[in-house]
Amino acid sequence: MNLPLRLPRPRVRRPWRLAAEASALVIAVVVAFPLYWMVLSAFKPAGEIESSEPRPWTLTPTLDSFRRVFGQQEFGRYFLNSLLVAGTVVVASALIAFLAATAVTRFRFRFRTTLLIMFLVAQMVPVEALTIPLFFLMRDFGQLNTLGSLILPHIAFSLPFAIWMLRGFVKAVPEALEEAAYIDGASRTRFLWQILFPLVFPGLVATSVFSFISTWNDFLFAKSFIISDTSQSTLPMALLVFYKPDDPDWGGVMAASTVMTIPVLVFFVLVQRRLVSGLGGAVKRS
């Protein structure tokens, strides 16, 4: 007996799913539009940028704004300074946060809960409220007009978030694995770096992304602590070269901003997979 052939029923999307996808698309367009306008303005001629009727396109793209940016003698130094500051903050904060998260998770000591609460409270203090005290602190230590005045505060501000996030990753590693490693003859140091470190590495990548972005885009500390020695300035300070109150060079500002965005995008591409797994692991462990 031949049974009638049943064709698969077409999947019908539910209205709430369509609404969610449409909302996500609208939000993505709204978020991406300023970036599009920044890149577009970097390629626009000066006449179109200053026009009273701006258009979301250009028929005569030009590289004049980028030539002015790369023609600045100090721009390369600013770029290297930003790279050095951001790289140092990412590496130092990741290592310190990893050791601190391991300590507050694996060891029992007095005031451990108080210490964790202090980390959380430190995240609630606005950076602007601490800029003036940090200025006097850096002045007393003789760190003004040095890259150290940018590295140390950013490490301090990156640690509370990194420690709280890595604490969940370290806690998820079963203590039985640590005991098995000790039985096999592994020392605490070997377990820490050869077993525990690779397991929490996705979390380190996730925290490093936030540390890199906040440090790379920092303008407040760079403006406050680098006063006279422009050779120690970073990329955000390069925007001031093109911004003049009487005659701002908006093409140069947009071109410099576009160049500043490229390292962030490259960093995201390099750590994309680790970042997704790290954020996913953080959600599962929370």
# chains A, B, ... in the order shown; residues from 1 in each chain; ligands from 1
>>> select_by_dssp(residues="stretch 119-204 of chain A", states="alpha helix (DSSP H)", output="ChimeraX atom specification")
/A:119-124,127-140,148-172,175-183,188-190,197-199,201-204
>>> write_last_selection(atoms="C-alpha atoms", output="JSON list (two decimals), in the first residue's frame")
[["chain", "number", "residue", "atom", "x", "y", "z"],
["A", 119, "PHE", "CA", 36.26, 45.55, 44.40],
["A", 120, "LEU", "CA", 32.59, 45.97, 43.56],
["A", 121, "VAL", "CA", 32.34, 49.38, 45.22],
["A", 122, "ALA", "CA", 35.44, 50.56, 43.35],
["A", 123, "GLN", "CA", 33.57, 50.01, 40.08],
["A", 124, "MET", "CA", 30.84, 52.41, 41.21],
["A", 127, "VAL", "CA", 36.48, 58.21, 37.07],
["A", 128, "GLU", "CA", 35.96, 61.98, 36.96],
["A", 129, "ALA", "CA", 35.72, 62.11, 40.76],
["A", 130, "LEU", "CA", 39.16, 60.54, 41.13],
["A", 131, "THR", "CA", 41.01, 62.49, 38.45],
["A", 132, "ILE", "CA", 42.09, 65.37, 40.71],
["A", 133, "PRO", "CA", 43.28, 63.10, 43.59],
["A", 134, "LEU", "CA", 45.15, 60.97, 41.05],
["A", 135, "PHE", "CA", 46.73, 64.10, 39.60],
["A", 136, "PHE", "CA", 48.20, 65.08, 42.97],
["A", 137, "LEU", "CA", 49.26, 61.47, 43.59],
["A", 138, "MET", "CA", 51.11, 61.31, 40.27],
["A", 139, "ARG", "CA", 52.68, 64.69, 40.97],
["A", 140, "ASP", "CA", 53.97, 63.55, 44.36],
["A", 148, "GLY", "CA", 53.46, 55.63, 33.78],
["A", 149, "SER", "CA", 50.83, 58.19, 34.79],
["A", 150, "LEU", "CA", 48.52, 56.61, 32.21],
["A", 151, "ILE", "CA", 49.43, 52.96, 32.78],
["A", 152, "LEU", "CA", 49.03, 52.80, 36.56],
["A", 153, "PRO", "CA", 45.52, 54.34, 36.82],
["A", 154, "HIS", "CA", 44.18, 52.21, 33.99],
["A", 155, "ILE", "CA", 45.52, 49.04, 35.60],
["A", 156, "ALA", "CA", 43.84, 50.04, 38.86],
["A", 157, "PHE", "CA", 40.50, 50.73, 37.15],
["A", 158, "SER", "CA", 40.63, 47.52, 35.09],
["A", 159, "LEU", "CA", 41.33, 45.18, 38.00],
["A", 160, "PRO", "CA", 37.97, 45.19, 39.88],
["A", 161, "PHE", "CA", 35.95, 44.15, 36.84],
["A", 162, "ALA", "CA", 38.58, 41.62, 35.73],
["A", 163, "ILE", "CA", 38.82, 40.03, 39.18],
["A", 164, "TRP", "CA", 35.06, 39.69, 39.51],
["A", 165, "MET", "CA", 34.74, 38.14, 36.07],
["A", 166, "LEU", "CA", 37.69, 35.75, 36.41],
["A", 167, "ARG", "CA", 36.49, 34.66, 39.84],
["A", 168, "GLY", "CA", 33.62, 32.79, 38.17],
["A", 169, "PHE", "CA", 35.99, 31.03, 35.75],
["A", 170, "VAL", "CA", 38.37, 29.94, 38.51],
["A", 171, "LYS", "CA", 35.49, 28.78, 40.68],
["A", 172, "ALA", "CA", 34.16, 26.64, 37.81],
["A", 175, "GLU", "CA", 38.93, 21.29, 43.08],
["A", 176, "ALA", "CA", 39.20, 17.57, 42.28],
["A", 177, "LEU", "CA", 41.29, 18.51, 39.24],
["A", 178, "GLU", "CA", 43.68, 20.42, 41.47],
["A", 179, "GLU", "CA", 43.93, 17.53, 43.91],
["A", 180, "ALA", "CA", 44.59, 15.10, 41.06],
["A", 181, "ALA", "CA", 47.38, 17.32, 39.79],
["A", 182, "TYR", "CA", 48.98, 17.39, 43.24],
["A", 183, "ILE", "CA", 48.75, 13.61, 43.50],
["A", 188, "ARG", "CA", 51.10, 24.64, 42.92],
["A", 189, "THR", "CA", 52.97, 26.85, 40.46],
["A", 190, "ARG", "CA", 52.78, 24.23, 37.73],
["A", 197, "PHE", "CA", 45.63, 29.35, 33.26],
["A", 198, "PRO", "CA", 44.61, 27.66, 29.95],
["A", 199, "LEU", "CA", 41.17, 26.83, 31.39],
["A", 201, "PHE", "CA", 42.10, 31.94, 29.24],
["A", 202, "PRO", "CA", 38.76, 32.77, 27.49],
["A", 203, "GLY", "CA", 37.82, 34.85, 30.51],
["A", 204, "LEU", "CA", 41.17, 36.62, 30.35]]
>>> closest_atom_pairs(of="stretch 161-271 of chain A", to="stretch 69-91 of chain A", cutoff="6 Å", atoms="only C-alpha atoms", output="tab-separated table")
residue	atom	partner	partner_atom	distance
A:Ser208	CA	A:Val90	CA	5.4
A:Ser211	CA	A:Val90	CA	5.9
A:Phe212	CA	A:Ala86	CA	5.6
A:Thr215	CA	A:Ala86	CA	5.5
A:Trp216	CA	A:Ala86	CA	5.8
A:Ser233	CA	A:Tyr78	CA	5.7
A:Thr234	CA	A:Tyr78	CA	4.4
A:Leu235	CA	A:Tyr78	CA	5.0
>>> write_last_selection(atoms="N, CA and C atoms", output="PDB file, in the first residue's frame")
ATOM      1  N   SER A 208      40.357  41.395  28.830  1.00  0.00           N
ATOM      2  CA  SER A 208      41.387  42.173  28.134  1.00  0.00           C
ATOM      3  C   SER A 208      40.777  43.098  27.096  1.00  0.00           C
ATOM      4  N   SER A 211      39.607  46.163  28.882  1.00  0.00           N
ATOM      5  CA  SER A 211      40.760  46.949  29.318  1.00  0.00           C
ATOM      6  C   SER A 211      41.392  47.678  28.142  1.00  0.00           C
ATOM      7  N   PHE A 212      41.490  46.998  27.010  1.00  0.00           N
ATOM      8  CA  PHE A 212      42.112  47.604  25.830  1.00  0.00           C
ATOM      9  C   PHE A 212      41.294  48.782  25.326  1.00  0.00           C
ATOM     10  N   THR A 215      41.427  51.852  27.713  1.00  0.00           N
ATOM     11  CA  THR A 215      42.744  52.484  27.715  1.00  0.00           C
ATOM     12  C   THR A 215      43.036  53.160  26.387  1.00  0.00           C
ATOM     13  N   TRP A 216      42.705  52.496  25.291  1.00  0.00           N
ATOM     14  CA  TRP A 216      43.001  53.031  23.965  1.00  0.00           C
ATOM     15  C   TRP A 216      42.243  54.336  23.698  1.00  0.00           C
ATOM     16  N   SER A 233      52.356  61.998  24.697  1.00  0.00           N
ATOM     17  CA  SER A 233      50.922  62.000  24.451  1.00  0.00           C
ATOM     18  C   SER A 233      50.495  60.740  23.714  1.00  0.00           C
ATOM     19  N   THR A 234      49.203  60.465  23.733  1.00  0.00           N
ATOM     20  CA  THR A 234      48.630  59.302  23.064  1.00  0.00           C
ATOM     21  C   THR A 234      47.712  59.753  21.920  1.00  0.00           C
ATOM     22  N   LEU A 235      47.153  58.789  21.214  1.00  0.00           N
ATOM     23  CA  LEU A 235      46.369  59.109  20.019  1.00  0.00           C
ATOM     24  C   LEU A 235      45.169  60.028  20.273  1.00  0.00           C
TER      25      LEU A 235
END
>>> closest_residue(among="A:Thr230, A:Thr261, A:Thr207, A:Gln272", to="A:Ala94", atoms="only C-alpha atoms")
A:Thr207
>>> residues_around(residues="A:Ile262", least_positions_apart="3", cutoff="12 Å", atoms="only C-alpha atoms", output="VMD selection string")
chain A and resid 35 39 79 213 216 255 to 259 265 to 269
>>> atom_distance(atom1="atom CA of A:Val104", atom2="atom CA of A:Met118")
12.6 Å
>>> residues_around(residues="A:Phe242", least_positions_apart="4", cutoff="7 Å", atoms="only C-alpha atoms", output="PyMOL selection string")
chain A and resi 248-249+252-253
>>> write_last_selection(atoms="N, CA and C atoms", output="CSV table (one decimal), in the first residue's frame")
chain,number,residue,atom,x,y,z
A,248,PRO,N,38.1,74.6,13.0
A,248,PRO,CA,38.3,73.2,13.2
A,248,PRO,C,38.4,72.5,11.9
A,249,ASP,N,39.4,71.6,11.8
A,249,ASP,CA,39.6,70.7,10.6
A,249,ASP,C,38.8,69.4,10.9
A,252,GLY,N,40.2,66.3,9.2
A,252,GLY,CA,41.3,65.7,9.9
A,252,GLY,C,40.9,65.0,11.2
A,253,VAL,N,39.9,65.6,11.9
A,253,VAL,CA,39.4,64.9,13.1
A,253,VAL,C,38.8,63.6,12.8
>>> atom_distance(atom1="atom CA of A:Gly47", atom2="atom CA of A:Met254")
14.6 Å
>>> atom_distance(atom1="atom CA of A:Arg112", atom2="atom CA of A:Leu99")
14.5 Å
>>> residues_around(residues="A:Glu50", least_positions_apart="5", cutoff="10 Å", atoms="only C-alpha atoms", output="mmCIF file with all heavy atoms, in the first residue's frame")
data_model
loop_
_atom_site.group_PDB
_atom_site.id
_atom_site.type_symbol
_atom_site.label_atom_id
_atom_site.label_comp_id
_atom_site.auth_asym_id
_atom_site.auth_seq_id
_atom_site.Cartn_x
_atom_site.Cartn_y
_atom_site.Cartn_z
ATOM 1 N N LYS A 44 35.397 62.710 2.605
ATOM 2 C CA LYS A 44 34.744 63.815 1.917
ATOM 3 C C LYS A 44 35.721 64.968 1.693
ATOM 4 O O LYS A 44 36.598 65.225 2.522
ATOM 5 C CB LYS A 44 33.557 64.328 2.737
ATOM 6 C CG LYS A 44 32.268 63.552 2.550
ATOM 7 C CD LYS A 44 31.141 64.236 3.305
ATOM 8 C CE LYS A 44 29.803 63.567 3.038
ATOM 9 N NZ LYS A 44 28.697 64.265 3.735
ATOM 10 N N PRO A 45 35.558 65.705 0.602
ATOM 11 C CA PRO A 45 36.325 66.952 0.435
ATOM 12 C C PRO A 45 35.893 67.978 1.479
ATOM 13 O O PRO A 45 34.815 67.888 2.065
ATOM 14 C CB PRO A 45 35.975 67.406 -0.990
ATOM 15 C CG PRO A 45 35.355 66.229 -1.647
ATOM 16 C CD PRO A 45 34.730 65.399 -0.570
ATOM 17 N N ASP A 249 39.380 71.560 11.828
ATOM 18 C CA ASP A 249 39.566 70.721 10.642
ATOM 19 C C ASP A 249 38.792 69.422 10.864
ATOM 20 O O ASP A 249 39.335 68.424 11.338
ATOM 21 C CB ASP A 249 41.057 70.447 10.435
ATOM 22 C CG ASP A 249 41.336 69.630 9.184
ATOM 23 O OD1 ASP A 249 40.377 69.331 8.440
ATOM 24 O OD2 ASP A 249 42.511 69.282 8.956
ATOM 25 N N TRP A 250 37.506 69.428 10.512
ATOM 26 C CA TRP A 250 36.665 68.267 10.777
ATOM 27 C C TRP A 250 37.090 67.060 9.945
ATOM 28 O O TRP A 250 36.959 65.922 10.387
ATOM 29 C CB TRP A 250 35.204 68.602 10.514
ATOM 30 C CG TRP A 250 34.637 69.593 11.473
ATOM 31 C CD1 TRP A 250 34.179 70.840 11.212
ATOM 32 C CD2 TRP A 250 34.485 69.411 12.888
ATOM 33 N NE1 TRP A 250 33.751 71.464 12.362
ATOM 34 C CE2 TRP A 250 33.930 70.596 13.412
ATOM 35 C CE3 TRP A 250 34.782 68.369 13.768
ATOM 36 C CZ2 TRP A 250 33.650 70.772 14.758
ATOM 37 C CZ3 TRP A 250 34.498 68.540 15.115
ATOM 38 C CH2 TRP A 250 33.935 69.723 15.597
ATOM 39 N N GLY A 251 37.612 67.302 8.755
ATOM 40 C CA GLY A 251 38.112 66.185 7.966
ATOM 41 C C GLY A 251 39.278 65.506 8.641
ATOM 42 O O GLY A 251 39.358 64.266 8.686
#
